[in-house]
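Inspection log for the structure reproduced underneath, given as structure tokens.
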Amino acid sequence: MKIGILKETQKGEKRVAISPNIAKMLIEKGFEVFVEEDAGSSCSFKNSDYSKVGAPIRSKSDIFKNCDVLIKINPFDNDEIEQLKKGQIIMAQLFHKSHPNDMKLIAARGATAFSMDAMPRISRAQDMDVLSSQSNLAGYKAVILGAYEMTKIFPLMMTAAGTITPSRVLVYGVGVAGLQAIATAKRLGAVVEATDIRPETKEQTESLGAKFISVDNTGEEKAEGGYAKAASEDYIRRQKEAVNKSLFQADLVITTAMVPGRKSPILITEDQIKQMKNGAVIIDLAAAQGGNVEISKLNKTVIKHGVKIIGTTISPESVSTNASDLYGKNMFNFIKHLTKDNEFKWELDEEITDETLIVYNGKIRKNGKTE
Ligand code: NAD
């Protein structure tokens, strides 16, 4: 089977779907791998890195003409969709719910499309979950960005000139990004506290050596499939009571609280910011979904009441080499899951296939699922 790796076309994208390491793993499994010219040049992979492991460099049109499977990170653009052939299989984050028209165009070409962002959140799908592998890196980078923007260092330091006390870091939302932010801030020597609406995150927080701030969540709707439900106003009020003392002492605050399909909850208001320390930094990782901070703005730094508020998604492009390796490993595991003896042998009623297969042989499946 011939697998084609396409160069990303989205502006600002620096990742590539398959790194040379992963191309080598696919070739060792018996697949043929072809790579579009300069596909990895925005991260640290040269064309020669691919050819050295046995993945030849080809033109884009050659890949579209000759490959059975086409792999990307971002959705296929119109120009790419027009080049699809009947029976070709594409794999990328298609965000099919927000791009229904693209699904119609892909179906019209008679292709088959898998969407990596539709991966179910079940244990056996963990090693194929691109949203997790990428947001893990965002959690790390948020702390590094915070450290850069702060006027203080993280660790306790005893010097001849005196003792520096450790910085205090507070994390809202202990999901994939939040957990990595806690781990990174701890490794750098900060005193770390965290809170989450899901009580099971207490143990995870404490296992990283951080303090969990519990908020009474009696009466709140229970989470589904690992995700949080929207919190009530009463919960947000109780959360403020429990967390404010730590918020007003924090040097760095990282907010990651999201609710799938909904605007992010506002957890920090301007009134709370007025009571924070002068020079404190907030990194709002939920900014693209509306933000956890009342006055944060996506891709902007707002300085108000002496606090620097940075609204960002911390795109994995900022660590494009690692992000590509992890995305590629997820993709390798997914291809392994769908194939037997290097031929596709998927079962439509198997949950991972069922959820991720959005267009099958030119037919759009209902919500990406068996009808
Ligand atoms: P997410 O990005 O949707 O949300 C981040 C965090 O914000 C979550 O922990 C959520 O509980 C929290 N949050 C939401 N509203 C809040 C509020 N009002 N106050 C405080 N916190 C709030 O979630 P995520 O990081 O993608 O993952 C959530 C969970 O799913 C994690 O436990 C993760 O380990 C699990 N997960 C499992 C799989 C799998 O099994 N395949 C894959 C990915 C994630």
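Starting from 1 in every chain, residues are counted up; chains themselves are A, B, ... following the order of the structure tokens, and ligands are numbered from 1 as listed.
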
Site check for ligand 1: residues at most 8 Å away, only C-alpha atoms and all ligand atoms, as an MDAnalysis selection string
chainID A and resid 119:129 131:132 135 172:178 195:198 201 223 225:231 235:236 239 256:260 264:267

Would you mind listing what lies within 7 Å of Glu294 of chain A as a list in words, with only C-alpha atoms counted and same-chain residues fewer than 6 positions away left out?
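Counting only the stated atoms, we get Ile266, Ile268, Thr269 and Glu270 of chain A.
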
Within segment 28-90 of chain A, find each residue whose DSSP state, derived from the backbone, is helix (DSSP H, G or I), and express the selection as a PyMOL selection string.
chain A and resi 28+47-52+60-66+78-82

Dump as a compact mmCIF listing (two decimals), in the first residue's frame, selection limited to N, CA and C atoms:
# COMPACT_ATOMS: atom_id res chain seq x y z
N GLU A 28 9.13 -0.17 7.69
CA GLU A 28 9.50 -1.45 8.31
C GLU A 28 8.31 -2.39 8.43
N ASN A 47 14.43 17.05 3.34
CA ASN A 47 14.02 16.05 2.35
C ASN A 47 14.91 14.81 2.46
N SER A 48 16.22 15.05 2.64
CA SER A 48 17.16 13.93 2.69
C SER A 48 16.93 13.03 3.92
N ASP A 49 16.36 13.60 5.00
CA ASP A 49 16.07 12.76 6.19
C ASP A 49 15.04 11.69 5.83
N TYR A 50 14.11 12.07 4.94
CA TYR A 50 13.08 11.10 4.52
C TYR A 50 13.68 10.09 3.55
N SER A 51 14.42 10.63 2.55
CA SER A 51 14.93 9.67 1.55
C SER A 51 15.90 8.68 2.19
N LYS A 52 16.64 9.15 3.22
CA LYS A 52 17.59 8.24 3.91
C LYS A 52 16.89 7.04 4.55
N LYS A 60 3.63 17.08 -5.44
CA LYS A 60 2.28 16.94 -4.90
C LYS A 60 1.38 16.18 -5.88
N SER A 61 1.46 16.55 -7.17
CA SER A 61 0.56 15.90 -8.13
C SER A 61 0.89 14.41 -8.26
N ASP A 62 2.16 14.08 -8.16
CA ASP A 62 2.56 12.68 -8.23
C ASP A 62 1.97 11.88 -7.05
N ILE A 63 2.00 12.51 -5.88
CA ILE A 63 1.45 11.83 -4.69
C ILE A 63 -0.06 11.62 -4.86
N PHE A 64 -0.76 12.65 -5.32
CA PHE A 64 -2.21 12.52 -5.53
C PHE A 64 -2.52 11.44 -6.58
N LYS A 65 -1.66 11.35 -7.60
CA LYS A 65 -1.91 10.40 -8.68
C LYS A 65 -1.65 8.96 -8.24
N ASN A 66 -0.60 8.75 -7.43
CA ASN A 66 -0.12 7.38 -7.22
C ASN A 66 -0.36 6.76 -5.85
N ASN A 78 -9.62 23.11 -0.84
CA ASN A 78 -10.43 22.83 -2.03
C ASN A 78 -9.60 22.31 -3.19
N ASP A 79 -8.42 22.90 -3.35
CA ASP A 79 -7.54 22.50 -4.42
C ASP A 79 -7.14 21.01 -4.26
N GLU A 80 -6.91 20.61 -3.02
CA GLU A 80 -6.53 19.22 -2.76
C GLU A 80 -7.72 18.28 -2.96
N ILE A 81 -8.88 18.73 -2.49
CA ILE A 81 -10.08 17.88 -2.64
C ILE A 81 -10.34 17.61 -4.13
N GLU A 82 -10.13 18.64 -4.95
CA GLU A 82 -10.36 18.47 -6.40
C GLU A 82 -9.44 17.43 -7.04

Determine, counting only C-alpha atoms, which protein, DNA and RNA residues have an atom within 12 Å of an atom of Lys11 of chain A; residues of the same chain fewer than 6 positions away are not included. Present the result as number ranges by chain.
A: 42, 74, 77, 317

Prev. selection, N, CA and C atoms, output as a CSV table (one decimal), in the first residue's frame:
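Saved result, again-v9.csv, follows:
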chain,number,residue,atom,x,y,z
A,42,SER,N,9.6,23.0,7.6
A,42,SER,CA,9.3,24.0,8.6
A,42,SER,C,9.5,23.5,10.0
A,74,ASN,N,-4.0,19.2,8.9
A,74,ASN,CA,-5.1,20.1,8.8
A,74,ASN,C,-6.1,19.6,7.7
A,77,ASP,N,-7.6,21.3,1.6
A,77,ASP,CA,-8.2,22.5,1.0
A,77,ASP,C,-8.9,22.1,-0.3
A,317,GLU,N,2.4,24.2,16.8
A,317,GLU,CA,3.4,24.6,15.8
A,317,GLU,C,4.7,25.2,16.5

Could you pull out all residues of segment 253-321 of chain A with a DSSP call of strand (DSSP E or B) and give them as JSON, numbers by chain?
{"A": [253, 254, 255, 268, 281, 282, 283, 284, 293, 298, 300, 301, 302, 303, 304, 307, 308, 309, 310, 311]}

So that I have them on file, write out the residues from the current selection with C-alpha atoms, as an mmCIF file, in the first residue's frame.
data_model
loop_
_atom_site.group_PDB
_atom_site.id
_atom_site.type_symbol
_atom_site.label_atom_id
_atom_site.label_comp_id
_atom_site.auth_asym_id
_atom_site.auth_seq_id
_atom_site.Cartn_x
_atom_site.Cartn_y
_atom_site.Cartn_z
ATOM 1 C CA VAL A 253 -1.924 31.523 36.395
ATOM 2 C CA ILE A 254 -2.652 29.093 33.569
ATOM 3 C CA THR A 255 -6.272 28.567 32.587
ATOM 4 C CA ILE A 268 -11.487 35.019 36.459
ATOM 5 C CA VAL A 281 0.945 36.771 34.450
ATOM 6 C CA ILE A 282 -2.119 34.871 33.228
ATOM 7 C CA ILE A 283 -1.898 32.539 30.231
ATOM 8 C CA ASP A 284 -5.443 31.880 28.991
ATOM 9 C CA VAL A 293 -10.563 35.286 31.792
ATOM 10 C CA LEU A 298 -7.148 35.769 21.536
ATOM 11 C CA LYS A 300 -3.217 39.468 22.260
ATOM 12 C CA THR A 301 -1.479 40.526 25.459
ATOM 13 C CA VAL A 302 -3.660 42.732 27.639
ATOM 14 C CA ILE A 303 -2.025 44.526 30.573
ATOM 15 C CA LYS A 304 -4.547 45.706 33.146
ATOM 16 C CA VAL A 307 -1.432 41.951 35.429
ATOM 17 C CA LYS A 308 -0.328 40.673 32.020
ATOM 18 C CA ILE A 309 -3.065 38.538 30.432
ATOM 19 C CA ILE A 310 -2.030 36.517 27.391
ATOM 20 C CA GLY A 311 -4.835 34.920 25.364
#

Within 10 Å of segment 318-320 of chain A using only C-alpha atoms, minus same-chain residues under 3 positions, as a ChimeraX atom specification
/A:12-16,40,42-44,134,137-138,140-141,314-315,323-326

One number please: atom CA of Leu6 of chain A to atom CA of Arg109 of chain A, in Å, one decimal.
18.3 Å

One decimal, in Å: what's the spacing between atom CA of Thr184 of chain A and atom CA of Asn21 of chain A?
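Value for the atom CA of Thr184 of chain A-atom CA of Asn21 of chain A distance: 25.8 Å.
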
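The neighbours of Ala147 of chain A here are the residues that come within 10 Å of it, using only C-alpha atoms and leaving out any residue fewer than 5 positions away in the same chain; they are Lys141, Ala142, Lys152, Ile153, Phe154, Ser167, Ala185, Leu188, Asp251, Leu252 and Val281 of chain A.
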
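Here the question is which of A:Ala242, A:Val359, A:Ala181, A:Met25 gets nearest to Ile90 of chain A using only C-alpha atoms, and that residue is A:Val359.
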
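For the pair atom CA of Met276 of chain A and atom CA of Ile164 of chain A, the separation is 20.2 Å.
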